[in-house]
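Shown here: my_file-v2.cif, mmCIF, C-alpha atoms and all ligand atoms.
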```cif
data_model
loop_
_atom_site.group_PDB
_atom_site.id
_atom_site.type_symbol
_atom_site.label_atom_id
_atom_site.label_comp_id
_atom_site.auth_asym_id
_atom_site.auth_seq_id
_atom_site.Cartn_x
_atom_site.Cartn_y
_atom_site.Cartn_z
ATOM 1 C CA MET D 1 17.786 20.984 -9.834
ATOM 2 C CA PRO D 2 16.723 20.748 -6.175
ATOM 3 C CA PRO D 3 13.733 18.502 -5.437
ATOM 4 C CA SER D 4 10.385 20.275 -5.552
ATOM 5 C CA ASP D 5 6.878 19.493 -4.298
ATOM 6 C CA ALA D 6 5.814 19.089 -7.902
ATOM 7 C CA ASP D 7 8.175 16.125 -8.436
ATOM 8 C CA PRO D 8 6.400 12.766 -8.274
ATOM 9 C CA VAL D 9 6.859 10.910 -4.994
ATOM 10 C CA VAL D 10 6.723 7.613 -6.881
ATOM 11 C CA GLU D 11 7.498 7.176 -10.543
ATOM 12 C CA VAL D 12 7.475 3.753 -12.157
ATOM 13 C CA ARG D 13 8.578 3.606 -15.798
ATOM 14 C CA ASP D 14 8.180 0.613 -18.103
ATOM 15 C CA LEU D 15 8.596 -1.817 -15.243
ATOM 16 C CA VAL D 16 9.102 -5.438 -16.212
ATOM 17 C CA ARG D 17 9.586 -8.043 -13.513
ATOM 18 C CA THR D 18 9.731 -11.707 -14.389
ATOM 19 C CA PHE D 19 9.868 -14.786 -12.204
ATOM 20 C CA GLY D 20 11.283 -18.134 -13.269
ATOM 21 C CA ARG D 21 12.967 -18.804 -16.586
ATOM 22 C CA GLY D 22 12.538 -20.456 -19.946
ATOM 23 C CA THR D 23 9.057 -21.592 -20.860
ATOM 24 C CA ARG D 24 8.000 -21.189 -17.232
ATOM 25 C CA THR D 25 8.740 -17.458 -17.118
ATOM 26 C CA VAL D 26 5.952 -15.385 -15.561
ATOM 27 C CA ARG D 27 5.857 -11.708 -16.473
ATOM 28 C CA ALA D 28 4.404 -10.474 -13.184
ATOM 29 C CA ALA D 29 4.852 -6.858 -14.270
ATOM 30 C CA ASP D 30 4.962 -6.360 -18.016
ATOM 31 C CA GLY D 31 5.578 -2.693 -18.799
ATOM 32 C CA VAL D 32 3.924 -0.945 -15.874
ATOM 33 C CA SER D 33 4.193 2.843 -15.659
ATOM 34 C CA LEU D 34 2.562 4.985 -12.992
ATOM 35 C CA SER D 35 3.226 8.063 -10.964
ATOM 36 C CA LEU D 36 2.083 9.404 -7.632
ATOM 37 C CA ALA D 37 2.187 13.054 -6.590
ATOM 38 C CA ARG D 38 2.686 14.501 -3.133
ATOM 39 C CA GLY D 39 -0.485 14.262 -1.060
ATOM 40 C CA GLU D 40 -2.178 12.012 -3.608
ATOM 41 C CA ALA D 41 -3.678 8.565 -3.025
ATOM 42 C CA LEU D 42 -3.556 6.106 -5.926
ATOM 43 C CA ALA D 43 -5.402 2.774 -6.029
ATOM 44 C CA LEU D 44 -3.830 -0.233 -7.714
ATOM 45 C CA LEU D 45 -6.687 -2.469 -8.823
ATOM 46 C CA GLY D 46 -6.716 -5.761 -10.669
ATOM 47 C CA ALA D 47 -7.489 -9.454 -10.459
ATOM 48 C CA ASN D 48 -5.538 -11.931 -8.346
ATOM 49 C CA GLY D 49 -2.123 -12.396 -9.894
ATOM 50 C CA SER D 50 -2.311 -9.227 -12.020
ATOM 51 C CA GLY D 51 0.920 -7.779 -10.587
ATOM 52 C CA LYS D 52 -0.168 -5.399 -7.811
ATOM 53 C CA SER D 53 2.033 -6.793 -5.041
ATOM 54 C CA THR D 54 4.954 -7.217 -7.443
ATOM 55 C CA THR D 55 4.735 -3.544 -8.431
ATOM 56 C CA ILE D 56 4.461 -2.540 -4.779
ATOM 57 C CA LYS D 57 7.528 -4.596 -3.818
ATOM 58 C CA VAL D 58 9.556 -2.974 -6.582
ATOM 59 C CA VAL D 59 8.520 0.471 -5.327
ATOM 60 C CA LEU D 60 9.710 -0.521 -1.860
ATOM 61 C CA GLY D 61 12.999 -1.875 -3.188
ATOM 62 C CA LEU D 62 12.149 -5.376 -1.959
ATOM 63 C CA LEU D 63 12.251 -6.713 -5.536
ATOM 64 C CA ALA D 64 14.608 -5.506 -8.269
ATOM 65 C CA PRO D 65 13.149 -4.687 -11.690
ATOM 66 C CA THR D 66 14.069 -7.034 -14.530
ATOM 67 C CA SER D 67 13.981 -3.910 -16.679
ATOM 68 C CA GLY D 68 12.551 -0.431 -16.337
ATOM 69 C CA ALA D 69 12.887 1.661 -13.233
ATOM 70 C CA ALA D 70 11.166 2.917 -10.116
ATOM 71 C CA ARG D 71 12.076 6.202 -8.448
ATOM 72 C CA VAL D 72 10.830 7.016 -4.961
ATOM 73 C CA LEU D 73 11.172 10.287 -3.056
ATOM 74 C CA GLY D 74 13.797 11.595 -5.452
ATOM 75 C CA GLY D 75 16.052 8.538 -5.761
ATOM 76 C CA PRO D 76 16.074 4.957 -6.987
ATOM 77 C CA ALA D 77 13.581 2.675 -5.195
ATOM 78 C CA GLY D 78 14.953 1.046 -2.068
ATOM 79 C CA ARG D 79 17.414 3.776 -1.157
ATOM 80 C CA ARG D 80 17.872 3.986 2.573
ATOM 81 C CA ASP D 81 16.607 7.529 3.096
ATOM 82 C CA ALA D 82 13.477 6.771 1.033
ATOM 83 C CA ARG D 83 12.818 3.623 3.063
ATOM 84 C CA ALA D 84 13.128 5.588 6.284
ATOM 85 C CA ARG D 85 10.392 7.931 5.018
ATOM 86 C CA THR D 86 8.079 5.144 3.830
ATOM 87 C CA GLY D 87 5.490 3.211 5.829
ATOM 88 C CA TYR D 88 4.548 -0.242 4.503
ATOM 89 C CA VAL D 89 1.848 -2.736 5.287
ATOM 90 C CA PRO D 90 2.486 -6.042 3.455
ATOM 91 C CA GLU D 91 -0.385 -8.117 2.103
ATOM 92 C CA GLU D 92 0.217 -10.979 4.524
ATOM 93 C CA ALA D 93 0.904 -10.354 8.159
ATOM 94 C CA ARG D 94 4.190 -12.133 8.564
ATOM 95 C CA ARG D 95 4.716 -14.133 11.693
ATOM 96 C CA LEU D 96 4.297 -11.477 14.280
ATOM 97 C CA PRO D 97 6.864 -11.194 17.060
ATOM 98 C CA ALA D 98 6.178 -12.011 20.684
ATOM 99 C CA VAL D 99 5.716 -8.406 21.744
ATOM 100 C CA ARG D 100 2.597 -6.553 22.808
ATOM 101 C CA GLY D 101 0.787 -4.441 20.221
ATOM 102 C CA ARG D 102 1.738 -1.204 21.862
ATOM 103 C CA GLU D 103 5.408 -2.239 22.074
ATOM 104 C CA LEU D 104 5.434 -3.047 18.368
ATOM 105 C CA VAL D 105 4.186 0.427 17.473
ATOM 106 C CA GLU D 106 6.640 2.006 19.943
ATOM 107 C CA LEU D 107 9.454 0.081 18.290
ATOM 108 C CA PHE D 108 8.506 1.398 14.850
ATOM 109 C CA ALA D 109 8.235 4.929 16.246
ATOM 110 C CA ALA D 110 11.759 4.647 17.661
ATOM 111 C CA ILE D 111 13.253 3.092 14.505
ATOM 112 C CA GLN D 112 11.606 5.685 12.265
ATOM 113 C CA GLY D 113 12.961 8.522 14.365
ATOM 114 C CA VAL D 114 9.904 9.870 16.218
ATOM 115 C CA PRO D 115 11.422 12.110 18.927
ATOM 116 C CA ARG D 116 11.361 10.425 22.317
ATOM 117 C CA ALA D 117 9.307 13.208 23.901
ATOM 118 C CA GLU D 118 6.543 12.744 21.309
ATOM 119 C CA ARG D 119 6.519 8.962 21.169
ATOM 120 C CA ARG D 120 3.878 8.202 23.751
ATOM 121 C CA ARG D 121 1.400 10.654 22.274
ATOM 122 C CA ARG D 122 2.070 9.540 18.711
ATOM 123 C CA VAL D 123 1.736 5.858 19.605
ATOM 124 C CA ASP D 124 -1.579 6.598 21.347
ATOM 125 C CA GLU D 125 -2.770 8.506 18.289
ATOM 126 C CA ALA D 126 -1.792 5.707 15.905
ATOM 127 C CA LEU D 127 -3.437 2.976 18.008
ATOM 128 C CA ASP D 128 -6.515 5.125 18.418
ATOM 129 C CA GLY D 129 -6.548 5.883 14.683
ATOM 130 C CA VAL D 130 -6.768 2.199 13.774
ATOM 131 C CA GLY D 131 -9.313 1.542 16.511
ATOM 132 C CA LEU D 132 -7.154 -0.851 18.492
ATOM 133 C CA ALA D 133 -8.499 -0.692 22.018
ATOM 134 C CA ALA D 134 -6.059 -0.064 24.863
ATOM 135 C CA ASP D 135 -6.616 -3.496 26.406
ATOM 136 C CA ALA D 136 -5.989 -5.181 23.045
ATOM 137 C CA ALA D 137 -2.792 -3.146 22.603
ATOM 138 C CA ARG D 138 -1.535 -4.668 25.845
ATOM 139 C CA ARG D 139 -1.861 -8.205 24.453
ATOM 140 C CA PRO D 140 0.879 -10.031 22.475
ATOM 141 C CA VAL D 141 0.462 -9.506 18.747
ATOM 142 C CA ALA D 142 1.183 -13.214 18.195
ATOM 143 C CA ASP D 143 -2.297 -13.837 19.648
ATOM 144 C CA TYR D 144 -4.109 -11.292 17.476
ATOM 145 C CA SER D 145 -6.965 -12.062 15.122
ATOM 146 C CA ARG D 146 -6.376 -11.324 11.433
ATOM 147 C CA GLY D 147 -8.112 -7.948 11.569
ATOM 148 C CA MET D 148 -6.310 -6.952 14.759
ATOM 149 C CA ALA D 149 -2.979 -7.871 13.154
ATOM 150 C CA ARG D 150 -3.897 -5.677 10.181
ATOM 151 C CA ARG D 151 -4.756 -2.796 12.483
ATOM 152 C CA VAL D 152 -1.516 -2.974 14.459
ATOM 153 C CA ALA D 153 0.530 -3.216 11.241
ATOM 154 C CA LEU D 154 -1.209 -0.063 10.005
ATOM 155 C CA ALA D 155 -0.559 1.727 13.279
ATOM 156 C CA ALA D 156 3.132 0.811 13.003
ATOM 157 C CA ALA D 157 3.225 2.071 9.408
ATOM 158 C CA VAL D 158 1.670 5.473 10.153
ATOM 159 C CA VAL D 159 3.168 6.292 13.560
ATOM 160 C CA SER D 160 6.096 8.222 12.074
ATOM 161 C CA ARG D 161 3.825 10.145 9.662
ATOM 162 C CA PRO D 162 5.868 8.999 6.680
ATOM 163 C CA ALA D 163 6.058 10.933 3.409
ATOM 164 C CA LEU D 164 4.866 7.816 1.564
ATOM 165 C CA LEU D 165 2.560 5.022 2.638
ATOM 166 C CA VAL D 166 2.500 1.805 0.628
ATOM 167 C CA LEU D 167 -0.397 -0.396 1.638
ATOM 168 C CA ASP D 168 -1.050 -3.815 0.114
ATOM 169 C CA GLU D 169 -4.762 -4.440 0.729
ATOM 170 C CA PRO D 170 -4.902 -2.354 3.914
ATOM 171 C CA THR D 171 -8.538 -3.043 4.735
ATOM 172 C CA SER D 172 -8.709 -6.732 3.884
ATOM 173 C CA GLY D 173 -10.011 -8.598 6.898
ATOM 174 C CA LEU D 174 -11.208 -5.473 8.696
ATOM 175 C CA ASP D 175 -14.768 -5.216 9.955
ATOM 176 C CA PRO D 176 -16.847 -2.322 8.527
ATOM 177 C CA VAL D 177 -16.195 -0.052 11.496
ATOM 178 C CA GLY D 178 -12.465 -0.763 11.302
ATOM 179 C CA THR D 179 -12.489 -0.011 7.573
ATOM 180 C CA GLU D 180 -14.136 3.365 8.174
ATOM 181 C CA GLN D 181 -11.698 4.186 10.990
ATOM 182 C CA VAL D 182 -8.689 3.299 8.867
ATOM 183 C CA LEU D 183 -10.005 5.256 5.863
ATOM 184 C CA ALA D 184 -10.568 8.314 8.062
ATOM 185 C CA LEU D 185 -7.033 7.991 9.434
ATOM 186 C CA LEU D 186 -5.551 7.662 5.945
ATOM 187 C CA ARG D 187 -7.584 10.597 4.601
ATOM 188 C CA GLY D 188 -6.195 12.740 7.407
ATOM 189 C CA LEU D 189 -2.626 11.749 6.566
ATOM 190 C CA ARG D 190 -3.210 12.273 2.846
ATOM 191 C CA ASP D 191 -4.669 15.718 3.459
ATOM 192 C CA ALA D 192 -1.608 16.559 5.552
ATOM 193 C CA GLY D 193 0.640 15.732 2.568
ATOM 194 C CA THR D 194 1.356 11.998 2.806
ATOM 195 C CA SER D 195 1.246 10.165 -0.519
ATOM 196 C CA VAL D 196 -0.534 6.816 -0.493
ATOM 197 C CA LEU D 197 -0.115 3.906 -2.897
ATOM 198 C CA LEU D 198 -2.531 1.114 -2.079
ATOM 199 C CA SER D 199 -3.858 -2.041 -3.622
ATOM 200 C CA THR D 200 -7.353 -3.218 -2.882
ATOM 201 C CA HIS D 201 -10.211 -5.402 -4.089
ATOM 202 C CA GLU D 202 -12.698 -3.311 -2.140
ATOM 203 C CA ARG D 203 -14.475 -0.568 -3.988
ATOM 204 C CA GLY D 204 -15.247 1.306 -0.770
ATOM 205 C CA THR D 205 -11.574 1.475 0.143
ATOM 206 C CA ALA D 206 -10.593 2.782 -3.279
ATOM 207 C CA GLU D 207 -13.437 5.311 -3.403
ATOM 208 C CA GLY D 208 -13.000 6.326 0.209
ATOM 209 C CA LEU D 209 -9.462 7.497 -0.340
ATOM 210 C CA CYS D 210 -8.289 7.595 -3.949
ATOM 211 C CA ASP D 211 -8.963 10.049 -6.755
ATOM 212 C CA ARG D 212 -7.038 8.058 -9.306
ATOM 213 C CA ALA D 213 -6.579 4.383 -10.033
ATOM 214 C CA VAL D 214 -4.428 2.134 -12.174
ATOM 215 C CA VAL D 215 -6.040 -1.137 -13.212
ATOM 216 C CA LEU D 216 -3.648 -4.012 -13.910
ATOM 217 C CA GLY D 217 -4.370 -7.165 -15.871
ATOM 218 C CA ALA D 218 -1.732 -9.846 -16.447
ATOM 219 C CA GLY D 219 1.053 -7.433 -15.493
ATOM 220 C CA ARG D 220 -0.064 -4.644 -17.812
ATOM 221 C CA VAL D 221 -1.865 -1.366 -17.204
ATOM 222 C CA ARG D 222 -5.300 -2.006 -18.704
ATOM 223 C CA ALA D 223 -6.857 1.278 -17.623
ATOM 224 C CA SER D 224 -5.925 4.305 -15.570
ATOM 225 C CA GLY D 225 -7.336 7.671 -14.688
ATOM 226 C CA ARG D 226 -9.863 9.205 -12.363
ATOM 227 C CA LEU D 227 -11.544 6.507 -10.315
ATOM 228 C CA ALA D 228 -14.969 8.116 -10.639
ATOM 229 C CA GLU D 229 -14.670 7.966 -14.423
ATOM 230 C CA LEU D 230 -13.381 4.401 -14.427
ATOM 231 C CA LEU D 231 -16.388 3.372 -12.337
ATOM 232 C CA ALA D 232 -18.941 5.624 -14.029
ATOM 233 C CA GLY D 233 -22.203 3.871 -14.772
ATOM 234 C CA ASP D 234 -21.407 0.715 -12.829
ATOM 235 C CA ALA D 235 -24.765 -0.384 -11.515
ATOM 236 C CA THR D 236 -23.419 -3.414 -9.685
ATOM 237 C CA PRO D 237 -21.710 -2.824 -6.385
ATOM 238 C CA GLY D 238 -18.006 -3.533 -6.000
ATOM 239 C CA LEU D 239 -15.434 -3.691 -8.759
ATOM 240 C CA LEU D 240 -16.916 -6.564 -10.755
ATOM 241 C CA ALA D 241 -18.093 -4.531 -13.744
ATOM 242 C CA LEU D 242 -14.765 -2.686 -13.982
ATOM 243 C CA PHE D 243 -12.825 -5.945 -13.852
ATOM 244 C CA ARG D 244 -15.009 -7.476 -16.555
ATOM 245 C CA ARG D 245 -14.541 -4.447 -18.835
ATOM 246 C CA VAL D 246 -10.792 -4.546 -18.313
ATOM 247 C CA GLU D 247 -10.634 -8.273 -19.043
ATOM 248 C CA ARG D 248 -12.491 -7.770 -22.304
ATOM 249 C CA GLY D 249 -9.828 -5.163 -23.164
HETATM 250 N N1 LIG J 1 8.167 -14.799 -5.716
HETATM 251 C C1 LIG J 1 7.503 -15.216 -6.793
HETATM 252 N N2 LIG J 1 7.911 -16.299 -7.496
HETATM 253 C C2 LIG J 1 7.251 -16.712 -8.593
HETATM 254 N N3 LIG J 1 6.173 -16.099 -9.081
HETATM 255 C C3 LIG J 1 5.717 -15.017 -8.435
HETATM 256 C C4 LIG J 1 6.351 -14.516 -7.248
HETATM 257 N N4 LIG J 1 5.668 -13.420 -6.833
HETATM 258 C C5 LIG J 1 4.664 -13.258 -7.695
HETATM 259 N N5 LIG J 1 4.682 -14.188 -8.657
HETATM 260 C C6 LIG J 1 3.737 -14.329 -9.769
HETATM 261 O O1 LIG J 1 3.577 -13.038 -10.350
HETATM 262 C C7 LIG J 1 2.206 -12.821 -10.729
HETATM 263 C C8 LIG J 1 1.726 -11.545 -10.034
HETATM 264 O O2 LIG J 1 1.649 -11.769 -8.631
HETATM 265 P P1 LIG J 1 1.274 -10.601 -7.598
HETATM 266 O O3 LIG J 1 1.513 -11.144 -6.254
HETATM 267 O O4 LIG J 1 2.000 -9.375 -8.003
HETATM 268 O O5 LIG J 1 -0.283 -10.408 -7.900
HETATM 269 P P2 LIG J 1 -1.368 -9.508 -7.156
HETATM 270 O O6 LIG J 1 -1.972 -8.618 -8.201
HETATM 271 O O7 LIG J 1 -0.782 -8.872 -5.973
HETATM 272 O O8 LIG J 1 -2.477 -10.598 -6.757
HETATM 273 P P3 LIG J 1 -3.426 -10.714 -5.442
HETATM 274 O O9 LIG J 1 -4.664 -9.901 -5.733
HETATM 275 O O10 LIG J 1 -3.766 -12.182 -5.405
HETATM 276 O O11 LIG J 1 -2.668 -10.262 -4.235
HETATM 277 C C9 LIG J 1 1.458 -14.086 -10.347
HETATM 278 O O12 LIG J 1 1.361 -14.892 -11.484
HETATM 279 C C10 LIG J 1 2.358 -14.731 -9.313
HETATM 280 O O13 LIG J 1 2.229 -16.135 -9.340
HETATM 281 MG MG MG J 2 -1.150 -9.080 -3.960
#
```
Hey, can you dump this file as structure tokens for me?
Ligand SMILES: Nc1ncnc2c1ncn2[C@@H]1O[C@H](COP(=O)(O)OP(=O)(O)OP(=O)(O)O)[C@@H](O)[C@H]1O
Ligand SMILES: [Mg+2]
Amino acid sequence: MPPSDADPVVEVRDLVRTFGRGTRTVRAADGVSLSLARGEALALLGANGSGKSTTIKVVLGLLAPTSGAARVLGGPAGRRDARARTGYVPEEARRLPAVRGRELVELFAAIQGVPRAERRRRVDEALDGVGLAADAARRPVADYSRGMARRVALAAAVVSRPALLVLDEPTSGLDPVGTEQVLALLRGLRDAGTSVLLSTHERGTAEGLCDRAVVLGAGRVRASGRLAELLAGDATPGLLALFRRVERG
């Protein structure tokens, strides 16, 4: 059957990923299943070490499953055409290269196939969307602050308007204005049909973008469903009450 809009953009089934061996084996993902539809944004929530980044790396094809499977954009995770249609912001800014911010985003636009005639406008839009000022974009990214590095990585991830965005804690380290700017940018992309898989510890980021959430604990899905229902009745701000409920099981 030909692919259809109704097919999930991401489908993870019974994913197990272990690290180490013998008595030291860590089951970073221990039977995770989730799916993401076109134009949907899904939040991956859970305590430190619960398996969010591991799951994300399997979806990107950066880590192989120990067992189970991940399908992305109609093929096995990591396939070249799927990667070309996926934007990714890793949880840690890796050592950034000695190029200016604007050049970095231009490079991603070129690699991801943004037509030459549109590049300048699209790069401007992406930098503007993450609130990176023009003078900052002219500075080397190696000199950026943490939040600026996050912003430029996001701009590089969205500049090609990918079918899928995978964002590992996209707003961590951003100031409140930056967080709002980035959420507005991501909502616009989502509403235009981009699917978003993101991890976060920030309630505002999850609520500002995602209808549904999957809550992980020790590599397992402890809860999933509509975010509003998962958070219903939480008097305390943030995700503390949800985390506590999930830990109690
Ligand atoms: N490369 C690795 N080698 C060994 N263990 C790993 C590796 N990557 C992850 N783990 C382990 O797998 C578990 C899940 O880690 P993961 O990075 O997926 O958690 P996370 O939910 O993203 O946490 P955080 O909120 O801190 O980012 C942890 O126990 C971690 O120590
Ligand atoms: Mg992580």
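Around ligand LIG 1 (chain J), the neighbouring residues within 7 Å, taking all atoms listed in the file, come to Phe19, Gly20, Val26, Arg27, Ala28, Gly46, Ala47, Asn48, Gly49, Ser50, Gly51, Lys52, Ser53, Thr54, Thr55 and Gly219 of chain D.
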Fill in: Nearest residue to Asp5 (chain D) from the set D:Arg21, D:Arg187, D:Arg203, D:Arg38 (distances using all atoms listed in the file)
D:Arg38
Practice prompt. Evaluate the PyMOL selection byres (((chain D and resi 163) around 9) and not hetatm) here and jot the selected residues down as a list of chain:residue names.
Written response: D:Val9, D:Arg38, D:Gly39, D:Leu73, D:Ala82, D:Arg85, D:Thr86, D:Gly87, D:Arg161, D:Pro162, D:Leu164, D:Leu165, D:Gly193, D:Thr194, D:Ser195, D:Val196
Response to the item:
For Leu242 (chain D), the closest of D:Leu45, D:Ala142, D:Leu63, D:Ala29 counting all atoms listed in the file is D:Leu45
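Between CA of Pro97 (chain D) and CA of Pro140 (chain D) lies a distance of 8.2 Å.
Those residues returned by the PyMOL selection byres (((chain D and resi 108-123) around 6) and not hetatm) for this file are Val105, Glu106, Leu107, Asp124, Glu125, Ala126, Ala156, Val159 and Ser160 of chain D.
In this structure, CA of Ser224 (chain D) sits 14.2 Å away from CA of Leu239 (chain D).
Nearest residue to Thr171 (chain D) among D:Leu209, D:Leu34, D:Leu104, D:Ala137 is D:Leu209, counting all atoms listed in the file.
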Worksheet entry | Reference answer for the PyMOL selection byres (((chain D and resi 228) around 10) and not hetatm), as number ranges by chain | D: 207, 210-213, 225-227, 229-233
Export of prior selection with C-alpha atoms as a compact mmCIF listing (two decimals), in the coordinates of the input:
```txt
# COMPACT_ATOMS: atom_id res chain seq x y z
CA GLU D 207 -13.44 5.31 -3.40
CA CYS D 210 -8.29 7.60 -3.95
CA ASP D 211 -8.96 10.05 -6.76
CA ARG D 212 -7.04 8.06 -9.31
CA ALA D 213 -6.58 4.38 -10.03
CA GLY D 225 -7.34 7.67 -14.69
CA ARG D 226 -9.86 9.20 -12.36
CA LEU D 227 -11.54 6.51 -10.32
CA GLU D 229 -14.67 7.97 -14.42
CA LEU D 230 -13.38 4.40 -14.43
CA LEU D 231 -16.39 3.37 -12.34
CA ALA D 232 -18.94 5.62 -14.03
CA GLY D 233 -22.20 3.87 -14.77
```
